[in-house]
Amino acid sequence: MTKIYQSKLNMQALLINKDAAGYTAQLGQIKEAQLPQGDVLIKVDYSTLNYKDSLAITGASPVVRSFPMVPGIDLAGTVEKSDHADFKAGDKVVLNGFGVGEGHWGGLAQMARVKGDWLVPLPSAFTSKQAMAIGTAGYTAMLCVMALEQHGVTPDKGEVLVTGAAGGVGSVAISLLAKLGYTVVASSGRVEETDYLMSLGASKVMDRNELSEKGRPLAKERWAGAIDVAGSHTLANICASMKYGGTVAACGLAQGYDLPATVMPFILRGVILAGVDSVYRPKADRVAAWARLAKDLNPTHLDAMMTEITLSQALDTAQGQIDGRTRGRFVVNVNA
């Protein structure tokens, strides 16, 4: 495989542009001097292709806030230069969110310049590649699991539902919950992924169509907890079928940003709807989540979740991710 990285003066990156000719995403060359302002310069080892990145690359949603833009909401790599007190040259770091890849050039390039306050030291348990196999999706899944724990959802309370189960958040959430002793039910639109989901620790797999249409204000109590990436009718139906005092950690809107629900689950069953933001989470929470991932994620599952691709392949993979035809995590080797 041919190495693309030549020098700091000539680096490969994905570049998104919008002008009179239209919206484009393509491979391009950038120079270090073009990188945006920041107090830490990083040689990127790996990035990822998240759902939000695919929205940006395809233009399916107005994710990008300025042009030109290098997408990539995640990166892991090595500090080359630092004017930040917490980091020095040679440190291994990971970055998730903070508008990187939307308003500030992101990780789908061979170098990045960012604010040191956005960085977390890479846990020694992970390589850069493993960290990106986890990425924002896995870090978000960990925050969701922590939210369930904080609201008293323990393994003895009953089944925990995970929607979008074959995606990045879902895959990591299943692995985490199963290792922690929970009984996990995976909701997916792809029956062909049943064996994969069961290998991660799901006890059963249900068709997402059971939850995706308009339902009753209150349904039979089933779930002690849930992690939802869908929103819309799916989230409304989950809330309606929660056990008394159950908690739903909501972190996505793959089906839609609406919530056609009633107050009945909340005032009659004491259901808690916990919103989980990962983009602007305080640093202490990020460090805690990565520490938990190092302890609670089954490392043998990472290979099964992960597909390694190149920068050029990221362009082709983005539409498949938007269409729901992909599974797990896409790790982008920016130097291949």
# chains A, B, ... in the order shown; residues from 1 in each chain; ligands from 1
>>> select_by_dssp(residues="region 57-266 of chain A", states="strand (DSSP E or B)", output="ChimeraX atom specification")
/A:69,74-82,92-96,100,104,109,111-114,119-121,160-162,184-188,204-207,223-228,231,242-250,256
>>> closest_atom_pairs(of="region 241-331 of chain A", to="region 169-173 of chain A", cutoff="9 Å", atoms="only C-alpha atoms", output="JSON lines")
{"residue": "A:Leu297", "atom": "CA", "partner": "A:Val172", "partner_atom": "CA", "distance": 7.7}
{"residue": "A:His301", "atom": "CA", "partner": "A:Val172", "partner_atom": "CA", "distance": 8.5}
{"residue": "A:Leu302", "atom": "CA", "partner": "A:Val172", "partner_atom": "CA", "distance": 8.5}
{"residue": "A:Met305", "atom": "CA", "partner": "A:Ser171", "partner_atom": "CA", "distance": 6.9}
{"residue": "A:Arg327", "atom": "CA", "partner": "A:Ser171", "partner_atom": "CA", "distance": 8.5}
{"residue": "A:Gly328", "atom": "CA", "partner": "A:Ser171", "partner_atom": "CA", "distance": 6.1}
{"residue": "A:Arg329", "atom": "CA", "partner": "A:Ser171", "partner_atom": "CA", "distance": 8.4}
>>> closest_residue(among="A:Asn209, A:Asn50, A:Thr247, A:Asn335", to="Thr234 (chain A)", atoms="only C-alpha atoms")
A:Asn209
>>> atom_distance(atom1="CA of Pro217 (chain A)", atom2="CA of Val229 (chain A)")
20.2 Å
>>> atom_distance(atom1="CA of Ser175 (chain A)", atom2="CA of Lys129 (chain A)")
18.1 Å
>>> residues_around(residues="Leu75 (chain A)", least_positions_apart="4", cutoff="9 Å", atoms="only C-alpha atoms", output="PyMOL selection string")
chain A and resi 44-48+93-96+106-108+112+128+131-132+135
>>> residues_around(residues="Phe87 (chain A)", least_positions_apart="4", cutoff="10 Å", atoms="only C-alpha atoms", output="list of chain:residue names")
A:Asp39, A:Val40, A:Val79, A:Glu80, A:Lys81, A:Ser82, A:Asp83, A:Asp91, A:Lys92, A:Val93, A:Gly116, A:Asp117, A:Leu119, A:Val120, A:Pro121
>>> residues_around(residues="Ile16 (chain A)", least_positions_apart="6", cutoff="7 Å", atoms="only C-alpha atoms", output="JSON, numbers by chain")
{"A": [24, 25, 26, 57, 67, 68, 69, 70]}
>>> write_last_selection(atoms="C-alpha atoms", output="short mmCIF file (atom, residue, chain, number, x, y, z; two decimals), in the first residue's frame")
data_model
loop_
_atom_site.label_atom_id
_atom_site.label_comp_id
_atom_site.auth_asym_id
_atom_site.auth_seq_id
_atom_site.Cartn_x
_atom_site.Cartn_y
_atom_site.Cartn_z
CA THR A 24 -18.08 18.78 -3.27
CA ALA A 25 -16.06 16.39 -1.14
CA GLN A 26 -12.77 15.09 -2.50
CA ILE A 57 -19.28 14.31 3.17
CA PHE A 67 -15.82 26.09 3.98
CA PRO A 68 -13.43 24.65 3.04
CA MET A 69 -13.69 22.01 5.78
CA VAL A 70 -11.75 18.89 6.68
#
>>> closest_residue(among="A:Ile267, A:Ile73, A:Leu197, A:Leu35", to="Leu218 (chain A)", atoms="only C-alpha atoms")
A:Ile267
>>> closest_residue(among="A:Gly38, A:Gly246, A:Gly324, A:Gly252", to="His151 (chain A)", atoms="only C-alpha atoms")
A:Gly246
>>> select_by_dssp(residues="region 12-94 of chain A", states="alpha helix (DSSP H)", output="list of chain:residue names")
A:Tyr51, A:Lys52, A:Asp53, A:Ser54, A:Leu55, A:Ala56, A:Ile57, A:Thr58
>>> decode(residues="region 178-208 of chain A", atoms="N, CA, C and O atoms", output="tab-separated table (two decimals), in the first residue's frame")
chain	number	residue	atom	x	y	z
A	178	ALA	N	-23.15	-6.11	28.11
A	178	ALA	CA	-23.04	-7.56	28.31
A	178	ALA	C	-21.92	-7.89	29.29
A	178	ALA	O	-22.08	-8.73	30.18
A	179	LYS	N	-20.77	-7.20	29.15
A	179	LYS	CA	-19.66	-7.47	30.06
A	179	LYS	C	-20.01	-7.07	31.49
A	179	LYS	O	-19.53	-7.69	32.45
A	180	LEU	N	-20.86	-6.05	31.64
A	180	LEU	CA	-21.26	-5.58	32.96
A	180	LEU	C	-22.38	-6.42	33.56
A	180	LEU	O	-22.83	-6.15	34.68
A	181	GLY	N	-22.86	-7.42	32.81
A	181	GLY	CA	-23.83	-8.34	33.36
A	181	GLY	C	-25.28	-8.08	33.01
A	181	GLY	O	-26.18	-8.76	33.53
A	182	TYR	N	-25.55	-7.11	32.14
A	182	TYR	CA	-26.92	-6.81	31.74
A	182	TYR	C	-27.43	-7.80	30.71
A	182	TYR	O	-26.65	-8.36	29.93
A	183	THR	N	-28.74	-8.00	30.67
A	183	THR	CA	-29.40	-8.76	29.62
A	183	THR	C	-29.80	-7.78	28.53
A	183	THR	O	-30.63	-6.89	28.76
A	184	VAL	N	-29.18	-7.91	27.36
A	184	VAL	CA	-29.30	-6.90	26.31
A	184	VAL	C	-30.16	-7.43	25.17
A	184	VAL	O	-29.94	-8.53	24.65
A	185	VAL	N	-31.13	-6.62	24.76
A	185	VAL	CA	-31.93	-6.89	23.57
A	185	VAL	C	-31.52	-5.88	22.51
A	185	VAL	O	-31.55	-4.67	22.75
A	186	ALA	N	-31.13	-6.37	21.35
A	186	ALA	CA	-30.66	-5.51	20.26
A	186	ALA	C	-31.78	-5.29	19.26
A	186	ALA	O	-32.42	-6.24	18.81
A	187	SER	N	-32.02	-4.04	18.91
A	187	SER	CA	-33.00	-3.68	17.89
A	187	SER	C	-32.26	-3.28	16.63
A	187	SER	O	-31.42	-2.37	16.65
A	188	SER	N	-32.58	-3.95	15.50
A	188	SER	CA	-31.86	-3.68	14.26
A	188	SER	C	-32.78	-3.88	13.07
A	188	SER	O	-33.71	-4.70	13.12
A	189	GLY	N	-32.49	-3.16	12.01
A	189	GLY	CA	-33.24	-3.34	10.77
A	189	GLY	C	-32.63	-4.37	9.86
A	189	GLY	O	-33.12	-4.61	8.75
A	190	ARG	N	-31.56	-5.02	10.32
A	190	ARG	CA	-30.85	-5.98	9.48
A	190	ARG	C	-30.77	-7.34	10.17
A	190	ARG	O	-29.91	-7.57	11.01
A	191	VAL	N	-31.66	-8.21	9.80
A	191	VAL	CA	-31.70	-9.55	10.39
A	191	VAL	C	-30.40	-10.30	10.13
A	191	VAL	O	-29.97	-11.13	10.94
A	192	GLU	N	-29.75	-9.98	9.00
A	192	GLU	CA	-28.51	-10.68	8.65
A	192	GLU	C	-27.38	-10.41	9.64
A	192	GLU	O	-26.36	-11.12	9.62
A	193	GLU	N	-27.54	-9.42	10.50
A	193	GLU	CA	-26.51	-9.11	11.49
A	193	GLU	C	-26.75	-9.79	12.83
A	193	GLU	O	-26.06	-9.51	13.81
A	194	THR	N	-27.71	-10.69	12.88
A	194	THR	CA	-28.06	-11.34	14.15
A	194	THR	C	-26.86	-12.04	14.79
A	194	THR	O	-26.59	-11.89	15.99
A	195	ASP	N	-26.13	-12.82	14.00
A	195	ASP	CA	-24.97	-13.55	14.55
A	195	ASP	C	-23.93	-12.58	15.11
A	195	ASP	O	-23.34	-12.82	16.18
A	196	TYR	N	-23.70	-11.48	14.38
A	196	TYR	CA	-22.75	-10.46	14.84
A	196	TYR	C	-23.19	-9.87	16.17
A	196	TYR	O	-22.39	-9.77	17.12
A	197	LEU	N	-24.47	-9.51	16.29
A	197	LEU	CA	-24.97	-8.89	17.50
A	197	LEU	C	-24.96	-9.86	18.68
A	197	LEU	O	-24.64	-9.47	19.81
A	198	MET	N	-25.26	-11.11	18.41
A	198	MET	CA	-25.21	-12.11	19.48
A	198	MET	C	-23.77	-12.33	19.93
A	198	MET	O	-23.51	-12.55	21.12
A	199	SER	N	-22.82	-12.23	18.99
A	199	SER	CA	-21.41	-12.42	19.36
A	199	SER	C	-20.91	-11.31	20.27
A	199	SER	O	-19.96	-11.51	21.05
A	200	LEU	N	-21.54	-10.13	20.19
A	200	LEU	CA	-21.16	-9.02	21.06
A	200	LEU	C	-21.77	-9.14	22.45
A	200	LEU	O	-21.35	-8.44	23.38
A	201	GLY	N	-22.78	-9.99	22.58
A	201	GLY	CA	-23.39	-10.19	23.89
A	201	GLY	C	-24.88	-9.99	23.96
A	201	GLY	O	-25.46	-10.09	25.05
A	202	ALA	N	-25.54	-9.70	22.82
A	202	ALA	CA	-27.00	-9.55	22.85
A	202	ALA	C	-27.65	-10.90	23.16
A	202	ALA	O	-27.22	-11.94	22.65
A	203	SER	N	-28.68	-10.88	23.98
A	203	SER	CA	-29.39	-12.11	24.31
A	203	SER	C	-30.44	-12.45	23.26
A	203	SER	O	-30.79	-13.61	23.06
A	204	LYS	N	-30.95	-11.42	22.58
A	204	LYS	CA	-31.89	-11.62	21.48
A	204	LYS	C	-31.86	-10.39	20.59
A	204	LYS	O	-31.37	-9.32	20.99
A	205	VAL	N	-32.40	-10.55	19.38
A	205	VAL	CA	-32.44	-9.45	18.40
A	205	VAL	C	-33.87	-9.28	17.94
A	205	VAL	O	-34.55	-10.26	17.60
A	206	MET	N	-34.35	-8.04	17.94
A	206	MET	CA	-35.70	-7.76	17.47
A	206	MET	C	-35.66	-6.82	16.28
A	206	MET	O	-34.71	-6.03	16.10
A	207	ASP	N	-36.68	-6.90	15.43
A	207	ASP	CA	-36.78	-6.07	14.24
A	207	ASP	C	-37.13	-4.64	14.66
A	207	ASP	O	-38.07	-4.44	15.44
A	208	ARG	N	-36.39	-3.68	14.13
A	208	ARG	CA	-36.65	-2.29	14.53
A	208	ARG	C	-38.05	-1.83	14.14
A	208	ARG	O	-38.56	-0.85	14.71
